[in-house]
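Structure first, then comments.
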Amino acid sequence: MSSKGKILVVDDDRLVLATLTYGLAQAGFEVIDADNGDDAILLAREHRPELALLDIRMEGLSGFDVAAYLREYLQIPFMFLSAFADEETVAKVKELGAVAYLVKPLDIHQIVPAVEAAFAQRRQNPSQEAAPSAHARRDPHPVLDDLQALAVGVLMHRYSLARGDALARLQKLSASEGRSDAEQARLLVEAVEMLAQPANVK
């Protein structure tokens, strides 16, 4: 069976790394794994994966450091998997342009659809982010743009929701406010960023 695609998985927790590697391999992906940022960059340069799944907080180089390198020098898209969704982290994820932001704890059955969606998005439109399809509301794992992925990650953390439930909550909120999902996501992320700003009254 041919591979669905090549993915680099990076996490300094060996158990999490083994679980992700096994689960993604079982789902049909070719997986390269690393338990630190330095090895991750070396492996990315050698193997040129199509996508990277990065833990954020690691000893040495962080997931943010690895992501910045992948974006700047290798043009490899990346998604984050983290136990943290504080305002500073959310702002950095947005700044770096991750294709998805998944909040731990997640099981592999939630991660695989997100990875498949990221690969689908890359192949639909390799030069830029693909727009959400008209069928996004009926798809349990739609391809989301940057802001929607970020907003879903925030809702997952704030309300301890699975990805699909967080997306449904975002869609319900946008419908009740008469806004598009993208607009509602933008407002949610901007609200989080505003809360992260220090009070600076002149």
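Residues are named by chain letter and number: chains run A, B, ... in the order of the structure tokens, numbers start at 1 in each chain, and ligands are numbered from 1 in the order shown.
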Quick one: residues within 10 Å of range 149-165 of chain A, only C-alpha atoms, excluding same-chain residues fewer than 4 positions away - as an NGL selection string? :A and (79-87 or 90-91 or 93-94 or 97-107 or 110-111 or 113-114 or 139-145 or 169-171 or 181-182 or 184-190 or 192)
At a cut-off of 10 Å, using only C-alpha atoms, what residues contact Leu61 in chain A? Leave out same-chain residues fewer than 5 positions from it and give the result as an NGL selection string. :A and (36-41 or 56 or 66)
Store the residues picked out above in a file with all heavy atoms, as a PDB file, in the first residue's frame.
```
ATOM      1  N   ASN A  36      13.607  15.658  20.027  1.00  0.00           N
ATOM      2  CA  ASN A  36      14.145  16.982  20.358  1.00  0.00           C
ATOM      3  C   ASN A  36      14.220  17.825  19.089  1.00  0.00           C
ATOM      4  O   ASN A  36      14.185  17.302  17.973  1.00  0.00           O
ATOM      5  CB  ASN A  36      15.521  16.866  21.025  1.00  0.00           C
ATOM      6  CG  ASN A  36      16.570  16.281  20.096  1.00  0.00           C
ATOM      7  OD1 ASN A  36      17.114  16.962  19.243  1.00  0.00           O
ATOM      8  ND2 ASN A  36      16.825  14.970  20.235  1.00  0.00           N
ATOM      9  N   GLY A  37      14.327  19.131  19.279  1.00  0.00           N
ATOM     10  CA  GLY A  37      14.284  20.057  18.160  1.00  0.00           C
ATOM     11  C   GLY A  37      15.471  19.976  17.228  1.00  0.00           C
ATOM     12  O   GLY A  37      15.330  20.120  16.010  1.00  0.00           O
ATOM     13  N   ASP A  38      16.664  19.741  17.773  1.00  0.00           N
ATOM     14  CA  ASP A  38      17.863  19.662  16.929  1.00  0.00           C
ATOM     15  C   ASP A  38      17.767  18.500  15.945  1.00  0.00           C
ATOM     16  O   ASP A  38      18.031  18.658  14.749  1.00  0.00           O
ATOM     17  CB  ASP A  38      19.115  19.492  17.808  1.00  0.00           C
ATOM     18  CG  ASP A  38      19.405  20.740  18.630  1.00  0.00           C
ATOM     19  OD1 ASP A  38      19.671  21.796  18.029  1.00  0.00           O
ATOM     20  OD2 ASP A  38      19.348  20.664  19.864  1.00  0.00           O
ATOM     21  N   ASP A  39      17.401  17.324  16.468  1.00  0.00           N
ATOM     22  CA  ASP A  39      17.244  16.164  15.583  1.00  0.00           C
ATOM     23  C   ASP A  39      16.130  16.393  14.572  1.00  0.00           C
ATOM     24  O   ASP A  39      16.220  15.958  13.418  1.00  0.00           O
ATOM     25  CB  ASP A  39      16.925  14.906  16.404  1.00  0.00           C
ATOM     26  CG  ASP A  39      18.141  14.368  17.145  1.00  0.00           C
ATOM     27  OD1 ASP A  39      19.255  14.883  16.909  1.00  0.00           O
ATOM     28  OD2 ASP A  39      17.978  13.454  17.980  1.00  0.00           O
ATOM     29  N   ALA A  40      15.073  17.074  15.012  1.00  0.00           N
ATOM     30  CA  ALA A  40      13.938  17.336  14.130  1.00  0.00           C
ATOM     31  C   ALA A  40      14.385  18.126  12.898  1.00  0.00           C
ATOM     32  O   ALA A  40      14.005  17.806  11.762  1.00  0.00           O
ATOM     33  CB  ALA A  40      12.853  18.098  14.877  1.00  0.00           C
ATOM     34  N   ILE A  41      15.196  19.140  13.100  1.00  0.00           N
ATOM     35  CA  ILE A  41      15.665  19.969  11.986  1.00  0.00           C
ATOM     36  C   ILE A  41      16.571  19.162  11.055  1.00  0.00           C
ATOM     37  O   ILE A  41      16.458  19.229   9.826  1.00  0.00           O
ATOM     38  CB  ILE A  41      16.379  21.226  12.518  1.00  0.00           C
ATOM     39  CG1 ILE A  41      15.334  22.194  13.091  1.00  0.00           C
ATOM     40  CG2 ILE A  41      17.195  21.902  11.421  1.00  0.00           C
ATOM     41  CD1 ILE A  41      15.911  23.406  13.776  1.00  0.00           C
ATOM     42  N   ILE A  56       5.106  21.753  21.425  1.00  0.00           N
ATOM     43  CA  ILE A  56       5.610  23.119  21.566  1.00  0.00           C
ATOM     44  C   ILE A  56       6.726  23.217  22.606  1.00  0.00           C
ATOM     45  O   ILE A  56       7.818  23.698  22.330  1.00  0.00           O
ATOM     46  CB  ILE A  56       4.464  24.093  21.915  1.00  0.00           C
ATOM     47  CG1 ILE A  56       3.510  24.218  20.728  1.00  0.00           C
ATOM     48  CG2 ILE A  56       5.025  25.470  22.299  1.00  0.00           C
ATOM     49  CD1 ILE A  56       2.321  25.127  20.963  1.00  0.00           C
ATOM     50  N   VAL A  66      11.591  25.139  15.927  1.00  0.00           N
ATOM     51  CA  VAL A  66      11.604  24.201  14.795  1.00  0.00           C
ATOM     52  C   VAL A  66      10.673  24.699  13.693  1.00  0.00           C
ATOM     53  O   VAL A  66      11.022  24.695  12.508  1.00  0.00           O
ATOM     54  CB  VAL A  66      11.184  22.785  15.247  1.00  0.00           C
ATOM     55  CG1 VAL A  66      11.103  21.842  14.047  1.00  0.00           C
ATOM     56  CG2 VAL A  66      12.167  22.244  16.282  1.00  0.00           C
TER      57      VAL A  66
END
```
Pick out the closest residue to Gln26 in chain A from this set: A:Pro77, A:Ser3, A:Asp13, A:Leu51. Count only C-alpha atoms.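 The closest residue to Gln26 in chain A is A:Ser3.
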What are the DSSP alpha helix (DSSP H) residues of range 18-160 of chain A, as an MDAnalysis selection string? chainID A and resid 18:26 37:47 63:69 87:96 108:124 146:159
Of the listed residues A:Asp65, A:Glu30, A:Glu50, A:Glu72, that which approaches Arg123 in chain A most closely, counting only C-alpha atoms: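 Of the candidates, the smallest distance to Arg123 in chain A is held by A:Glu50.
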DSSP strand (DSSP E or B) residues within range 40-100 of chain A, as a list in words: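 Those in range 40-100 of chain A that DSSP calls strand (DSSP E or B) are Leu51, Ala52, Leu53, Leu54, Asp55, Phe78, Met79, Phe80, Leu81, Ser82 and Ala100 of chain A.
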